[in-house]
$ cat coords-v1.pdb   # PDB, N, CA and C atoms
ATOM      1  N   MET A   1     -15.710 -16.863  10.194
ATOM      2  CA  MET A   1     -14.760 -15.769  10.335
ATOM      3  C   MET A   1     -13.857 -15.720   9.106
ATOM      4  N   LYS A   2     -13.630 -14.523   8.616
ATOM      5  CA  LYS A   2     -12.810 -14.373   7.415
ATOM      6  C   LYS A   2     -11.325 -14.491   7.754
ATOM      7  N   GLN A   3     -10.595 -15.034   6.815
ATOM      8  CA  GLN A   3      -9.155 -15.188   6.966
ATOM      9  C   GLN A   3      -8.455 -13.865   6.653
ATOM     10  N   ILE A   4      -7.482 -13.509   7.449
ATOM     11  CA  ILE A   4      -6.729 -12.277   7.219
ATOM     12  C   ILE A   4      -5.741 -12.508   6.074
ATOM     13  N   LYS A   5      -5.744 -11.611   5.126
ATOM     14  CA  LYS A   5      -4.773 -11.653   4.031
ATOM     15  C   LYS A   5      -3.604 -10.759   4.439
ATOM     16  N   TRP A   6      -2.562 -11.375   4.950
ATOM     17  CA  TRP A   6      -1.446 -10.627   5.530
ATOM     18  C   TRP A   6      -0.737  -9.753   4.515
ATOM     19  N   SER A   7      -0.648 -10.206   3.280
ATOM     20  CA  SER A   7       0.029  -9.397   2.260
ATOM     21  C   SER A   7      -0.740  -8.103   2.004
ATOM     22  N   LEU A   8      -2.067  -8.191   1.941
ATOM     23  CA  LEU A   8      -2.872  -6.987   1.721
ATOM     24  C   LEU A   8      -2.799  -6.056   2.924
ATOM     25  N   LEU A   9      -2.767  -6.633   4.121
ATOM     26  CA  LEU A   9      -2.628  -5.822   5.330
ATOM     27  C   LEU A   9      -1.288  -5.088   5.317
ATOM     28  N   MET A  10      -0.237  -5.753   4.897
ATOM     29  CA  MET A  10       1.085  -5.122   4.851
ATOM     30  C   MET A  10       1.111  -3.980   3.843
ATOM     31  N   TYR A  11       0.481  -4.179   2.683
ATOM     32  CA  TYR A  11       0.413  -3.094   1.706
ATOM     33  C   TYR A  11      -0.346  -1.903   2.272
ATOM     34  N   ALA A  12      -1.425  -2.153   2.999
ATOM     35  CA  ALA A  12      -2.207  -1.070   3.591
ATOM     36  C   ALA A  12      -1.386  -0.300   4.632
ATOM     37  N   ILE A  13      -0.644  -1.026   5.445
ATOM     38  CA  ILE A  13       0.196  -0.376   6.463
ATOM     39  C   ILE A  13       1.290   0.450   5.801
ATOM     40  N   LEU A  14       1.934  -0.106   4.785
ATOM     41  CA  LEU A  14       2.987   0.629   4.077
ATOM     42  C   LEU A  14       2.439   1.878   3.392
ATOM     43  N   ALA A  15       1.232   1.784   2.832
ATOM     44  CA  ALA A  15       0.614   2.949   2.197
ATOM     45  C   ALA A  15       0.335   4.026   3.246
ATOM     46  N   ALA A  16      -0.153   3.615   4.412
ATOM     47  CA  ALA A  16      -0.416   4.582   5.477
ATOM     48  C   ALA A  16       0.878   5.247   5.941
ATOM     49  N   VAL A  17       1.952   4.481   6.034
ATOM     50  CA  VAL A  17       3.249   5.046   6.422
ATOM     51  C   VAL A  17       3.730   6.036   5.365
ATOM     52  N   SER A  18       3.497   5.735   4.097
ATOM     53  CA  SER A  18       3.883   6.659   3.030
ATOM     54  C   SER A  18       3.101   7.967   3.124
ATOM     55  N   ILE A  19       1.818   7.864   3.441
ATOM     56  CA  ILE A  19       1.006   9.071   3.597
ATOM     57  C   ILE A  19       1.516   9.894   4.777
ATOM     58  N   MET A  20       1.868   9.222   5.868
ATOM     59  CA  MET A  20       2.440   9.943   7.014
ATOM     60  C   MET A  20       3.771  10.586   6.637
ATOM     61  N   GLY A  21       4.540   9.883   5.815
ATOM     62  CA  GLY A  21       5.816  10.432   5.354
ATOM     63  C   GLY A  21       5.636  11.697   4.543
ATOM     64  N   ILE A  22       4.563  11.758   3.766
ATOM     65  CA  ILE A  22       4.275  12.975   3.015
ATOM     66  C   ILE A  22       4.051  14.127   3.983
ATOM     67  N   GLY A  23       3.286  13.874   5.035
ATOM     68  CA  GLY A  23       3.032  14.914   6.033
ATOM     69  C   GLY A  23       4.303  15.381   6.720
ATOM     70  N   VAL A  24       5.163  14.444   7.078
ATOM     71  CA  VAL A  24       6.433  14.802   7.716
ATOM     72  C   VAL A  24       7.301  15.601   6.754
ATOM     73  N   ALA A  25       7.339  15.172   5.501
ATOM     74  CA  ALA A  25       8.151  15.874   4.509
ATOM     75  C   ALA A  25       7.630  17.290   4.268
ATOM     76  N   ILE A  26       6.317  17.464   4.295
ATOM     77  CA  ILE A  26       5.748  18.805   4.158
ATOM     78  C   ILE A  26       6.163  19.664   5.348
ATOM     79  N   ALA A  27       6.095  19.087   6.546
ATOM     80  CA  ALA A  27       6.488  19.828   7.747
ATOM     81  C   ALA A  27       7.963  20.219   7.701
ATOM     82  N   GLU A  28       8.777  19.347   7.134
ATOM     83  CA  GLU A  28      10.214  19.617   7.023
ATOM     84  C   GLU A  28      10.548  20.456   5.795
ATOM     85  N   LYS A  29       9.557  20.736   4.967
ATOM     86  CA  LYS A  29       9.730  21.511   3.729
ATOM     87  C   LYS A  29      10.747  20.872   2.790
ATOM     88  N   SER A  30      10.642  19.541   2.673
ATOM     89  CA  SER A  30      11.556  18.775   1.840
ATOM     90  C   SER A  30      10.836  18.321   0.567
ATOM     91  N   LEU A  31      11.153  18.962  -0.543
ATOM     92  CA  LEU A  31      10.524  18.583  -1.810
ATOM     93  C   LEU A  31      10.934  17.180  -2.245
ATOM     94  N   ILE A  32      12.173  16.810  -1.969
ATOM     95  CA  ILE A  32      12.639  15.466  -2.323
ATOM     96  C   ILE A  32      11.880  14.421  -1.513
ATOM     97  N   GLY A  33      11.686  14.687  -0.230
ATOM     98  CA  GLY A  33      10.937  13.769   0.620
ATOM     99  C   GLY A  33       9.493  13.632   0.196
ATOM    100  N   ILE A  34       8.880  14.754  -0.153
ATOM    101  CA  ILE A  34       7.483  14.733  -0.616
ATOM    102  C   ILE A  34       7.381  13.893  -1.886
ATOM    103  N   ALA A  35       8.249  14.170  -2.833
ATOM    104  CA  ALA A  35       8.225  13.434  -4.106
ATOM    105  C   ALA A  35       8.488  11.944  -3.878
ATOM    106  N   GLY A  36       9.455  11.628  -3.037
ATOM    107  CA  GLY A  36       9.772  10.229  -2.755
ATOM    108  C   GLY A  36       8.618   9.480  -2.122
ATOM    109  N   CYS A  37       7.952  10.124  -1.175
ATOM    110  CA  CYS A  37       6.824   9.482  -0.505
ATOM    111  C   CYS A  37       5.633   9.318  -1.442
ATOM    112  N   ILE A  38       5.411  10.286  -2.317
ATOM    113  CA  ILE A  38       4.318  10.166  -3.278
ATOM    114  C   ILE A  38       4.594   9.025  -4.252
ATOM    115  N   ILE A  39       5.827   8.935  -4.720
ATOM    116  CA  ILE A  39       6.196   7.844  -5.631
ATOM    117  C   ILE A  39       6.064   6.498  -4.930
ATOM    118  N   ALA A  40       6.527   6.438  -3.662
ATOM    119  CA  ALA A  40       6.405   5.197  -2.900
ATOM    120  C   ALA A  40       4.935   4.824  -2.708
ATOM    121  N   LEU A  41       4.096   5.804  -2.413
ATOM    122  CA  LEU A  41       2.670   5.549  -2.217
ATOM    123  C   LEU A  41       2.034   4.993  -3.485
ATOM    124  N   ILE A  42       2.341   5.593  -4.624
ATOM    125  CA  ILE A  42       1.784   5.119  -5.893
ATOM    126  C   ILE A  42       2.238   3.689  -6.180
ATOM    127  N   ALA A  43       3.517   3.413  -5.932
ATOM    128  CA  ALA A  43       4.048   2.065  -6.175
ATOM    129  C   ALA A  43       3.405   1.043  -5.241
ATOM    130  N   ILE A  44       3.291   1.368  -3.966
ATOM    131  CA  ILE A  44       2.711   0.437  -2.987
ATOM    132  C   ILE A  44       1.244   0.179  -3.291
ATOM    133  N   MET A  45       0.504   1.241  -3.587
ATOM    134  CA  MET A  45      -0.918   1.073  -3.903
ATOM    135  C   MET A  45      -1.084   0.234  -5.170
ATOM    136  N   GLY A  46      -0.230   0.469  -6.157
ATOM    137  CA  GLY A  46      -0.294  -0.320  -7.387
ATOM    138  C   GLY A  46      -0.039  -1.791  -7.135
ATOM    139  N   MET A  47       0.981  -2.091  -6.329
ATOM    140  CA  MET A  47       1.274  -3.491  -6.007
ATOM    141  C   MET A  47       0.126  -4.123  -5.214
ATOM    142  N   GLY A  48      -0.471  -3.350  -4.316
ATOM    143  CA  GLY A  48      -1.590  -3.866  -3.529
ATOM    144  C   GLY A  48      -2.788  -4.204  -4.396
ATOM    145  N   PHE A  49      -3.142  -3.308  -5.313
ATOM    146  CA  PHE A  49      -4.267  -3.574  -6.204
ATOM    147  C   PHE A  49      -3.970  -4.744  -7.138
ATOM    148  N   LYS A  50      -2.724  -4.841  -7.581
ATOM    149  CA  LYS A  50      -2.328  -5.947  -8.459
ATOM    150  C   LYS A  50      -2.451  -7.284  -7.716
ATOM    151  N   THR A  51      -1.997  -7.304  -6.471
ATOM    152  CA  THR A  51      -2.093  -8.514  -5.655
ATOM    153  C   THR A  51      -3.553  -8.878  -5.399
ATOM    154  N   LYS A  52      -4.372  -7.876  -5.103
ATOM    155  CA  LYS A  52      -5.790  -8.124  -4.855
ATOM    156  C   LYS A  52      -6.469  -8.701  -6.093
ATOM    157  N   LYS A  53      -6.110  -8.191  -7.269
ATOM    158  CA  LYS A  53      -6.689  -8.706  -8.516
ATOM    159  C   LYS A  53      -6.305 -10.167  -8.724
ATOM    160  N   LYS A  54      -5.031 -10.495  -8.458
ATOM    161  CA  LYS A  54      -4.578 -11.884  -8.620
ATOM    162  C   LYS A  54      -5.315 -12.808  -7.663
ATOM    163  N   LEU A  55      -5.482 -12.366  -6.406
ATOM    164  CA  LEU A  55      -6.195 -13.183  -5.424
ATOM    165  C   LEU A  55      -7.652 -13.386  -5.847
ATOM    166  N   ARG A  56      -8.272 -12.328  -6.355
ATOM    167  CA  ARG A  56      -9.672 -12.417  -6.788
ATOM    168  C   ARG A  56      -9.801 -13.373  -7.971
ATOM    169  N   GLU A  57      -8.851 -13.317  -8.912
ATOM    170  CA  GLU A  57      -8.902 -14.192 -10.082
ATOM    171  C   GLU A  57      -8.722 -15.649  -9.695
ATOM    172  N   ARG A  58      -7.931 -15.918  -8.650
ATOM    173  CA  ARG A  58      -7.719 -17.293  -8.180
ATOM    174  C   ARG A  58      -8.824 -17.752  -7.246
ATOM    175  N   GLY A  59      -9.738 -16.861  -6.899
ATOM    176  CA  GLY A  59     -10.845 -17.223  -6.031
ATOM    177  C   GLY A  59     -10.479 -17.294  -4.564
ATOM    178  N   GLU A  60      -9.388 -16.676  -4.193
ATOM    179  CA  GLU A  60      -8.926 -16.698  -2.801
ATOM    180  C   GLU A  60      -9.412 -15.503  -2.005
ATOM    181  N   LEU A  61     -10.167 -14.635  -2.636
ATOM    182  CA  LEU A  61     -10.616 -13.430  -1.953
ATOM    183  C   LEU A  61     -12.124 -13.414  -1.803
TER     184      LEU A  61
END

$ encode --input "coords-v1.pdb" --output "structure tokens"
Amino acid sequence: MKQIKWSLLMYAILAAVSIMGIGVAIAEKSLIGIAGCIIALIAIMGMGFKTKKKLRERGEL
């Protein structure tokens, strides 16, 4: 059985919440909210990929 990588799971959950936030911001017609959620999504996804690369380089993935 594979070990759960909790940090990667947390990044995935946060990215999903950011995507939902974009939808809510669109429904509310909030350009600031849309922009904020998109920026948050890009930052979270970047950190997740960076963490995954580090884990792969250390052989933990």

$ atom_distance --input "coords-v1.pdb" --atom1 "atom CA of Glu57 of chain A" --atom2 "atom CA of Leu14 of chain A"
23.7 Å

$ residues_around --input "coords-v1.pdb" --residues "Met47 of chain A" --least-positions-apart "6" --cutoff "8 Å" --atoms "only N, CA and C atoms" --output "MDAnalysis selection string"
chainID A and resid 11 41 53

$ write_last_selection --input "coords-v1.pdb" --atoms "N, CA and C atoms" --output "CSV table (one decimal), keeping the file's coordinate frame"
chain,number,residue,atom,x,y,z
A,11,TYR,N,0.5,-4.2,2.7
A,11,TYR,CA,0.4,-3.1,1.7
A,11,TYR,C,-0.3,-1.9,2.3
A,41,LEU,N,4.1,5.8,-2.4
A,41,LEU,CA,2.7,5.5,-2.2
A,41,LEU,C,2.0,5.0,-3.5
A,53,LYS,N,-6.1,-8.2,-7.3
A,53,LYS,CA,-6.7,-8.7,-8.5
A,53,LYS,C,-6.3,-10.2,-8.7

$ atom_distance --input "coords-v1.pdb" --atom1 "atom N of Gly59 of chain A" --atom2 "atom CA of Ile44 of chain A"
21.7 Å

$ residues_around --input "coords-v1.pdb" --residues "Ile38 of chain A" --least-positions-apart "6" --cutoff "8 Å" --atoms "all atoms listed in the file" --output "PyMOL selection string"
chain A and resi 18-19+21-22+32+44

$ atom_distance --input "coords-v1.pdb" --atom1 "atom N of Glu28 of chain A" --atom2 "atom CA of Ala43 of chain A"
22.3 Å

$ residues_around --input "coords-v1.pdb" --residues "segment 6-9 of chain A" --least-positions-apart "4" --cutoff "8 Å" --atoms "all atoms listed in the file" --output "MDAnalysis selection string"
chainID A and resid 13:15 48:49 51:52

$ select_by_dssp --input "coords-v1.pdb" --residues "chain A" --states "alpha helix (DSSP H)" --output "JSON, numbers by chain"
{"A": [6, 7, 8, 9, 10, 11, 12, 13, 14, 15, 16, 17, 18, 19, 20, 21, 22, 23, 24, 25, 26, 27, 28, 31, 32, 33, 34, 35, 36, 37, 38, 39, 40, 41, 42, 43, 44, 45, 46, 47, 48, 49, 50, 51, 52, 53, 54, 55, 56, 57, 58]}

$ axis_aligned_box --input "coords-v1.pdb" --around "segment 22-25 of chain A" --padding-each-side "4 Å" --output "AutoDock Vina command-line options"
--center_x 5.6 --center_y 14.5 --center_z 5.4 --size_x 13.1 --size_y 13.5 --size_z 12.7

$ closest_residue --input "coords-v1.pdb" --among "A:Ile4, A:Leu61, A:Cys37, A:Met45" --to "Met20 of chain A" --atoms "only C-alpha atoms"
A:Cys37

$ build_atoms --input "coords-v1.pdb" --residues "segment 41-52 of chain A" --atoms "all heavy atoms" --output "mmCIF file, in the coordinates of the input"
data_model
loop_
_atom_site.group_PDB
_atom_site.id
_atom_site.type_symbol
_atom_site.label_atom_id
_atom_site.label_comp_id
_atom_site.auth_asym_id
_atom_site.auth_seq_id
_atom_site.Cartn_x
_atom_site.Cartn_y
_atom_site.Cartn_z
ATOM 1 N N LEU A 41 4.096 5.804 -2.413
ATOM 2 C CA LEU A 41 2.670 5.549 -2.217
ATOM 3 C C LEU A 41 2.034 4.993 -3.485
ATOM 4 O O LEU A 41 1.288 4.005 -3.435
ATOM 5 C CB LEU A 41 1.955 6.832 -1.794
ATOM 6 C CG LEU A 41 0.450 6.731 -1.613
ATOM 7 C CD1 LEU A 41 0.100 5.765 -0.496
ATOM 8 C CD2 LEU A 41 -0.144 8.104 -1.331
ATOM 9 N N ILE A 42 2.341 5.593 -4.624
ATOM 10 C CA ILE A 42 1.784 5.119 -5.893
ATOM 11 C C ILE A 42 2.238 3.689 -6.180
ATOM 12 O O ILE A 42 1.441 2.837 -6.591
ATOM 13 C CB ILE A 42 2.165 6.072 -7.039
ATOM 14 C CG1 ILE A 42 1.446 7.417 -6.855
ATOM 15 C CG2 ILE A 42 1.836 5.462 -8.409
ATOM 16 C CD1 ILE A 42 1.943 8.522 -7.760
ATOM 17 N N ALA A 43 3.517 3.413 -5.932
ATOM 18 C CA ALA A 43 4.048 2.065 -6.175
ATOM 19 C C ALA A 43 3.405 1.043 -5.241
ATOM 20 O O ALA A 43 2.997 -0.049 -5.684
ATOM 21 C CB ALA A 43 5.560 2.063 -6.000
ATOM 22 N N ILE A 44 3.291 1.368 -3.966
ATOM 23 C CA ILE A 44 2.711 0.437 -2.987
ATOM 24 C C ILE A 44 1.244 0.179 -3.291
ATOM 25 O O ILE A 44 0.777 -0.965 -3.257
ATOM 26 C CB ILE A 44 2.906 0.983 -1.554
ATOM 27 C CG1 ILE A 44 4.394 0.963 -1.189
ATOM 28 C CG2 ILE A 44 2.086 0.189 -0.547
ATOM 29 C CD1 ILE A 44 4.731 1.781 0.043
ATOM 30 N N MET A 45 0.504 1.241 -3.587
ATOM 31 C CA MET A 45 -0.918 1.073 -3.903
ATOM 32 C C MET A 45 -1.084 0.234 -5.170
ATOM 33 O O MET A 45 -1.960 -0.632 -5.241
ATOM 34 C CB MET A 45 -1.588 2.437 -4.085
ATOM 35 C CG MET A 45 -1.699 3.250 -2.826
ATOM 36 S SD MET A 45 -2.869 2.606 -1.654
ATOM 37 C CE MET A 45 -4.389 3.022 -2.472
ATOM 38 N N GLY A 46 -0.230 0.469 -6.157
ATOM 39 C CA GLY A 46 -0.294 -0.320 -7.387
ATOM 40 C C GLY A 46 -0.039 -1.791 -7.135
ATOM 41 O O GLY A 46 -0.757 -2.657 -7.649
ATOM 42 N N MET A 47 0.981 -2.091 -6.329
ATOM 43 C CA MET A 47 1.274 -3.491 -6.007
ATOM 44 C C MET A 47 0.126 -4.123 -5.214
ATOM 45 O O MET A 47 -0.209 -5.295 -5.426
ATOM 46 C CB MET A 47 2.575 -3.597 -5.219
ATOM 47 C CG MET A 47 3.809 -3.306 -6.045
ATOM 48 S SD MET A 47 5.353 -3.593 -5.170
ATOM 49 C CE MET A 47 5.285 -2.359 -3.883
ATOM 50 N N GLY A 48 -0.471 -3.350 -4.316
ATOM 51 C CA GLY A 48 -1.590 -3.866 -3.529
ATOM 52 C C GLY A 48 -2.788 -4.204 -4.396
ATOM 53 O O GLY A 48 -3.399 -5.267 -4.245
ATOM 54 N N PHE A 49 -3.142 -3.308 -5.313
ATOM 55 C CA PHE A 49 -4.267 -3.574 -6.204
ATOM 56 C C PHE A 49 -3.970 -4.744 -7.138
ATOM 57 O O PHE A 49 -4.856 -5.544 -7.450
ATOM 58 C CB PHE A 49 -4.637 -2.327 -7.011
ATOM 59 C CG PHE A 49 -5.399 -1.310 -6.216
ATOM 60 C CD1 PHE A 49 -4.936 -0.010 -6.100
ATOM 61 C CD2 PHE A 49 -6.577 -1.634 -5.579
ATOM 62 C CE1 PHE A 49 -5.631 0.943 -5.374
ATOM 63 C CE2 PHE A 49 -7.292 -0.703 -4.852
ATOM 64 C CZ PHE A 49 -6.817 0.591 -4.743
ATOM 65 N N LYS A 50 -2.724 -4.841 -7.581
ATOM 66 C CA LYS A 50 -2.328 -5.947 -8.459
ATOM 67 C C LYS A 50 -2.451 -7.284 -7.716
ATOM 68 O O LYS A 50 -2.970 -8.262 -8.248
ATOM 69 C CB LYS A 50 -0.883 -5.725 -8.926
ATOM 70 C CG LYS A 50 -0.411 -6.661 -9.986
ATOM 71 C CD LYS A 50 0.982 -6.245 -10.433
ATOM 72 C CE LYS A 50 1.526 -7.153 -11.497
ATOM 73 N NZ LYS A 50 2.866 -6.766 -11.905
ATOM 74 N N THR A 51 -1.997 -7.304 -6.471
ATOM 75 C CA THR A 51 -2.093 -8.514 -5.655
ATOM 76 C C THR A 51 -3.553 -8.878 -5.399
ATOM 77 O O THR A 51 -3.937 -10.047 -5.475
ATOM 78 C CB THR A 51 -1.361 -8.308 -4.319
ATOM 79 O OG1 THR A 51 0.002 -7.978 -4.576
ATOM 80 C CG2 THR A 51 -1.425 -9.558 -3.460
ATOM 81 N N LYS A 52 -4.372 -7.876 -5.103
ATOM 82 C CA LYS A 52 -5.790 -8.124 -4.855
ATOM 83 C C LYS A 52 -6.469 -8.701 -6.093
ATOM 84 O O LYS A 52 -7.285 -9.621 -5.997
ATOM 85 C CB LYS A 52 -6.475 -6.832 -4.430
ATOM 86 C CG LYS A 52 -7.885 -7.025 -3.969
ATOM 87 C CD LYS A 52 -8.450 -5.741 -3.400
ATOM 88 C CE LYS A 52 -9.881 -5.945 -2.943
ATOM 89 N NZ LYS A 52 -10.441 -4.732 -2.357
#
